[in-house]
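Enquirer: Handing you this structure, nothing more for now.
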Amino acid sequence: MYIDIAKKTVDLAMKLGASHAEAVIQGGTLQLTRYTQNEIHQNLAQKNIVLNLELAVDGNKKGSVSIKSLDDDAIQKSVETALKIAKISLPDTEFQHYAEPKQYRPLDGIYVKSTAELSPQEKAESVKIIIQTALDYHKNVKWSVGAYSTENITYAVVNNLGVEAETKWTRGSVDVITKADDGTGEGSGYAFKMGHDVSEFNFEEVGLAAAKDAVNAINPEVIPLGDYEAILAPEAVTTFTGFIGSLGFSARAYQDGYSCITDRIGSQVFDEKLTIVDEGRNPDTYNALPFDGEGTPKRDLMLINNGVAENLCYDNYTALKDGTESTGHCMNKSRGGFYRGTPLPINQVIEPGDASLEDMIADIKKGVYITRFWYFRSIRRDKAMITGLTRDACWYIENGEIVHPMKVMRFTDSVMDVMSNIDMIGNNDTVQAFQRATIPILKVAKLRFTGQSQF
């Protein structure tokens with residue numbers, strides 16, 4: 001068990017002179033099948049093990065080491081190296097101690113044996129279904145490209161205060177981009193599925209959805225720049241919820257002075273129709289776990305209640321700085337994570353409404369339907385001003401009817417403005433699970449396009 005090795009590592013660090021120590025071990029297998037232009041071109045399986053040790057000497061002089069071995073000699077050297085680094089480091093005046101132990105409850109439903117043991121042959125058969133379904137749908141469908149991946153992970157964290165936590169999980173995801181061409185122009189469609197149990201994936205449905213959009217999106221047209229009513233498919237919504245988390249409700253963003261909700265906790269910041277709860281233990285979310293990256297139990301946390309900003313997301317480090325308790329939002333502390341060391345809400349659930357996609361389309365005077373965004377980034381963090389491009393099948397709508405597919409557009413807008421003017425929220429039938437959010441479709445009053453493309 002990884003927890004025993006992590007405990008041995010912490011004990012050794014304390015014996016050799018550390019005042020604080022924390023060891024995290026993550027190991028498992030990632031399997032990936034990629035396909036392009038209707039053929040599988042890559043299949044790989046990668047086993048990986050990482051031990052990350054962080055410690056402090058003299059109270060707050062910190063050092064850390066990451067190794068890819070659990071051998072006794074490697075652990076001995078890693079502890080000695082981390083101690084050497086700590087002794088020559090400047091004090092971290094805001095560090096007090098690692099997380100204190102709290103009882104957590106195991107979580108059912110996040111480890112599925114059939115996902116963990118899925119074979120390359122089974123993946124290949126599923127990919128074949130996606131490709132063939134698309135080709136069978138219409139003569140104008142030319143090819144599909146995408147990937148099907150599964151992972152089987154065990155994670156353990158131990159520190160000198162008594163935290164001893166270990167869990168395992170499985171996850172899988174499949175995505176496809178399908179191209180169609182009628183001889184005069186092209187169209188592109190996209191579909192995906194992700195979850196803990198890949199036996200629940202409907203591969204025919206995935207292939208058909210991408211194929212339909214690809215055929216219907218042939219010969220997209222440029223639309224003028226300006227403000228449009230917008231229907232945001234769930235994946236498009238995740239662009240906004242992602243920035244809501246990182247630029248708004250992360251305690252680190254708040255403490256560092258760039259949060260878009262600074263001094264607005266308890267205020268009506270978003271549309272009153274919007275309620276978002278971060279449900280850390282909900283097995284229907286992609287990142288459901290019994291505890292966070294440093295062993296603190298996960299729980300539900302109300303972020304936005306009928307438009308009112310209510311709570312920040314804390315890890316142990318930021319919580320001690322504010323004189324409060326961790327909310328269980330420490331990201332995975334294994335070396336290599338982009339947001340490592342940042343508390344974030346990664347199980348956001350938007351409360352569904354009662355609208356259907358058809359209701360939203362019928363309500364639009366002049367607007368667009370957006371499947372998803374890409375190449376998005378923030379351009380002013382404290383105002384949550386972001387920019388990005390539309391991708392794949394998107395549509396221009398007038399007077400309640402889809403008029404034509406639209407070419408790639410650049411949007412530049414404030415997350416706060418877009419999410420403060422929500423006209424409709426989709427019903428349960430529109431809800432989809434993504435990597436960091438489980439959400440319905442939304443119709444917003446305004447989305448600003450600031451650039452055009454010929455693609």
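By convention here, the chains of the structure tokens are called A, B, ... in the order presented, each chain's residues are numbered starting at 1, and ligands are numbered starting at 1 in the order presented.
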Counting only C-alpha atoms, which residues of region 27-138 of chain A fall within 12 Å of region 263-281 of chain A, and what is the closest atom pair for each with its distance in Å at one decimal, ordered by chain and rising number, as CSV?

Expert:
```
residue,atom,partner,partner_atom,distance
A:Tyr104,CA,A:Arg281,CA,10.8
A:Arg105,CA,A:Arg281,CA,9.7
A:Pro106,CA,A:Arg281,CA,9.6
A:Leu107,CA,A:Arg281,CA,7.1
A:Asp108,CA,A:Arg281,CA,9.4
A:Gly109,CA,A:Arg281,CA,10.2
A:Ile110,CA,A:Arg281,CA,9.6
```

Enquirer: Export N, CA and C atoms of the chosen residues as an mmCIF file, in the first residue's frame?

Expert:
```cif
data_model
loop_
_atom_site.group_PDB
_atom_site.id
_atom_site.type_symbol
_atom_site.label_atom_id
_atom_site.label_comp_id
_atom_site.auth_asym_id
_atom_site.auth_seq_id
_atom_site.Cartn_x
_atom_site.Cartn_y
_atom_site.Cartn_z
ATOM 1 N N TYR A 104 -12.342 11.044 7.194
ATOM 2 C CA TYR A 104 -13.039 11.084 5.907
ATOM 3 C C TYR A 104 -13.764 9.762 5.685
ATOM 4 N N ARG A 105 -14.799 9.815 4.876
ATOM 5 C CA ARG A 105 -15.570 8.619 4.542
ATOM 6 C C ARG A 105 -15.183 8.143 3.143
ATOM 7 N N PRO A 106 -14.942 6.841 2.974
ATOM 8 C CA PRO A 106 -14.678 6.318 1.627
ATOM 9 C C PRO A 106 -15.833 6.660 0.690
ATOM 10 N N LEU A 107 -15.548 6.685 -0.593
ATOM 11 C CA LEU A 107 -16.552 7.084 -1.582
ATOM 12 C C LEU A 107 -16.744 5.969 -2.605
ATOM 13 N N ASP A 108 -17.955 5.451 -2.683
ATOM 14 C CA ASP A 108 -18.282 4.404 -3.649
ATOM 15 C C ASP A 108 -18.550 5.012 -5.025
ATOM 16 N N GLY A 109 -18.328 4.215 -6.045
ATOM 17 C CA GLY A 109 -18.714 4.606 -7.394
ATOM 18 C C GLY A 109 -17.642 5.279 -8.214
ATOM 19 N N ILE A 110 -16.487 5.585 -7.603
ATOM 20 C CA ILE A 110 -15.453 6.272 -8.367
ATOM 21 C C ILE A 110 -14.393 5.301 -8.901
#
```

Enquirer: Quick one: contact table of region 292-373 of chain A to region 225-236 of chain A, 8 Å max, nearest atom pair and distance in Å to one decimal per residue, counting only C-alpha atoms, chain and number order, as JSON lines?

Expert:
```
{"residue": "A:Met360", "atom": "CA", "partner": "A:Ile231", "partner_atom": "CA", "distance": 7.1}
{"residue": "A:Ile361", "atom": "CA", "partner": "A:Ile231", "partner_atom": "CA", "distance": 7.7}
{"residue": "A:Ile364", "atom": "CA", "partner": "A:Glu229", "partner_atom": "CA", "distance": 6.7}
{"residue": "A:Lys365", "atom": "CA", "partner": "A:Glu229", "partner_atom": "CA", "distance": 7.8}
{"residue": "A:Lys366", "atom": "CA", "partner": "A:Tyr228", "partner_atom": "CA", "distance": 6.3}
{"residue": "A:Gly367", "atom": "CA", "partner": "A:Glu229", "partner_atom": "CA", "distance": 4.3}
{"residue": "A:Val368", "atom": "CA", "partner": "A:Ala230", "partner_atom": "CA", "distance": 4.9}
{"residue": "A:Tyr369", "atom": "CA", "partner": "A:Ile231", "partner_atom": "CA", "distance": 4.7}
{"residue": "A:Ile370", "atom": "CA", "partner": "A:Leu232", "partner_atom": "CA", "distance": 5.1}
{"residue": "A:Thr371", "atom": "CA", "partner": "A:Ala233", "partner_atom": "CA", "distance": 5.2}
{"residue": "A:Arg372", "atom": "CA", "partner": "A:Ala236", "partner_atom": "CA", "distance": 4.1}
{"residue": "A:Phe373", "atom": "CA", "partner": "A:Ala236", "partner_atom": "CA", "distance": 5.7}
```

Enquirer: Take the selection from the previous step and output its residues with C-alpha atoms, as a PDB file, in the first residue's frame.

Expert:
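The resulting file, out.pdb, is shown below:
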```pdb
ATOM      1  CA  MET A 360     -33.968  28.656 -26.173  1.00  0.00           C
ATOM      2  CA  ILE A 361     -33.777  28.724 -29.967  1.00  0.00           C
ATOM      3  CA  ILE A 364     -33.754  34.252 -29.822  1.00  0.00           C
ATOM      4  CA  LYS A 365     -34.214  37.348 -31.993  1.00  0.00           C
ATOM      5  CA  LYS A 366     -30.608  37.590 -33.207  1.00  0.00           C
ATOM      6  CA  GLY A 367     -28.127  35.212 -31.698  1.00  0.00           C
ATOM      7  CA  VAL A 368     -25.815  32.248 -31.887  1.00  0.00           C
ATOM      8  CA  TYR A 369     -25.476  28.673 -30.686  1.00  0.00           C
ATOM      9  CA  ILE A 370     -21.952  27.865 -29.458  1.00  0.00           C
ATOM     10  CA  THR A 371     -20.786  24.244 -29.163  1.00  0.00           C
ATOM     11  CA  ARG A 372     -17.474  25.001 -27.466  1.00  0.00           C
ATOM     12  CA  PHE A 373     -14.551  27.426 -27.191  1.00  0.00           C
TER      13      PHE A 373
END
```

Enquirer: Need the shell around Arg391 (chain A): protein/DNA/RNA residues with any atom at most 12 Å away, counting only C-alpha atoms. Skip same-chain ones fewer than 6 positions apart. Format as a PyMOL selection string?

Expert: chain A and resi 177+187-191+213-214+217+220+233+235-236+369-376+405-411+453+455

Enquirer: Which distance in Å separates CA of Phe249 (chain A) and CA of Met331 (chain A), to one decimal?

Expert: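 Here the two named atoms are 13.9 Å from each other.
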
Enquirer: Please, which residues of region 150-365 of chain A, numbered as in this document, come out strand (DSSP E or B) from DSSP, as a ChimeraX atom specification?

Expert: /A:150-159,164-181,186-195,221,226-232,250,268,276-279,291,297,300-305,308-309,313,330,343,348-350,355

Enquirer: Need to verify the contact set: region 382-386 of chain A, 6 Å, only C-alpha atoms, exclusion of same-chain residues closer than 5 positions in sequence. Can you return it as an MDAnalysis selection string?

Expert: chainID A and resid 258:260 377 412:415

Enquirer: Pick the closest to Glu164 (chain A) from A:Asp423, A:Glu398, A:Glu186, A:Asp4: which is it, counting only C-alpha atoms?

Expert: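 Among A:Asp423, A:Glu398, A:Glu186, A:Asp4, it is A:Asp4 that comes nearest to Glu164 (chain A).
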
Enquirer: Could you give me, as a PyMOL selection string, each residue of region 270-453 of chain A that DSSP assigns to alpha helix (DSSP H) when run on this structure's backbone?

Expert: chain A and resi 316-322+357-363+415-419

Enquirer: Kindly export the residues of the current selection with C-alpha atoms, as a CSV table (one decimal), in the first residue's frame.

Expert:
```csv
chain,number,residue,atom,x,y,z
A,316,ASN,CA,-4.8,24.4,4.3
A,317,TYR,CA,-2.2,27.0,3.4
A,318,THR,CA,-4.6,29.7,2.4
A,319,ALA,CA,-7.0,28.8,5.2
A,320,LEU,CA,-4.4,29.3,7.9
A,321,LYS,CA,-3.5,32.6,6.3
A,322,ASP,CA,-7.1,33.8,6.8
A,357,LEU,CA,-32.8,23.7,-26.4
A,358,GLU,CA,-35.9,24.2,-28.5
A,359,ASP,CA,-37.2,26.7,-26.0
A,360,MET,CA,-34.0,28.7,-26.2
A,361,ILE,CA,-33.8,28.7,-30.0
A,362,ALA,CA,-37.4,29.9,-30.2
A,363,ASP,CA,-36.6,32.8,-27.8
A,415,VAL,CA,-17.3,36.4,-17.3
A,416,MET,CA,-19.1,38.6,-14.8
A,417,ASP,CA,-21.2,40.3,-17.5
A,418,VAL,CA,-22.1,37.1,-19.4
A,419,MET,CA,-23.1,35.2,-16.3
```

Enquirer: Please provide the set of residues having any atom within 7 Å of Val141 (chain A), restricted to only C-alpha atoms, with same-chain residues fewer than 5 positions apart removed, written as a ChimeraX atom specification.

Expert: /A:134-135,179-181,211,215

Enquirer: So, counting only C-alpha atoms, which residue among A:Ala288, A:Val57, A:Ala6, A:Ala210 is closest to Asp72 (chain A)?

Expert: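 Smallest distance to Asp72 (chain A) is found for A:Ala6.
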
Enquirer: Measure the distance from CA of Tyr148 (chain A) to CA of Ser173 (chain A) in Å and round it to one decimal.

Expert: 5.8 Å

Enquirer: Excluding same-chain residues fewer than 6 positions from region 32-42 of chain A, what lies within 8 Å of it counting only C-alpha atoms, as a list in words?

Expert: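 Skipping anything fewer than 6 positions along the chain leaves Pro120, Lys123, Ala124, Val127, Ile131, Lys142, Trp143, Ser144, Val145, Gly146, Ala147, Tyr148, Ser149 and Thr150 of chain A.
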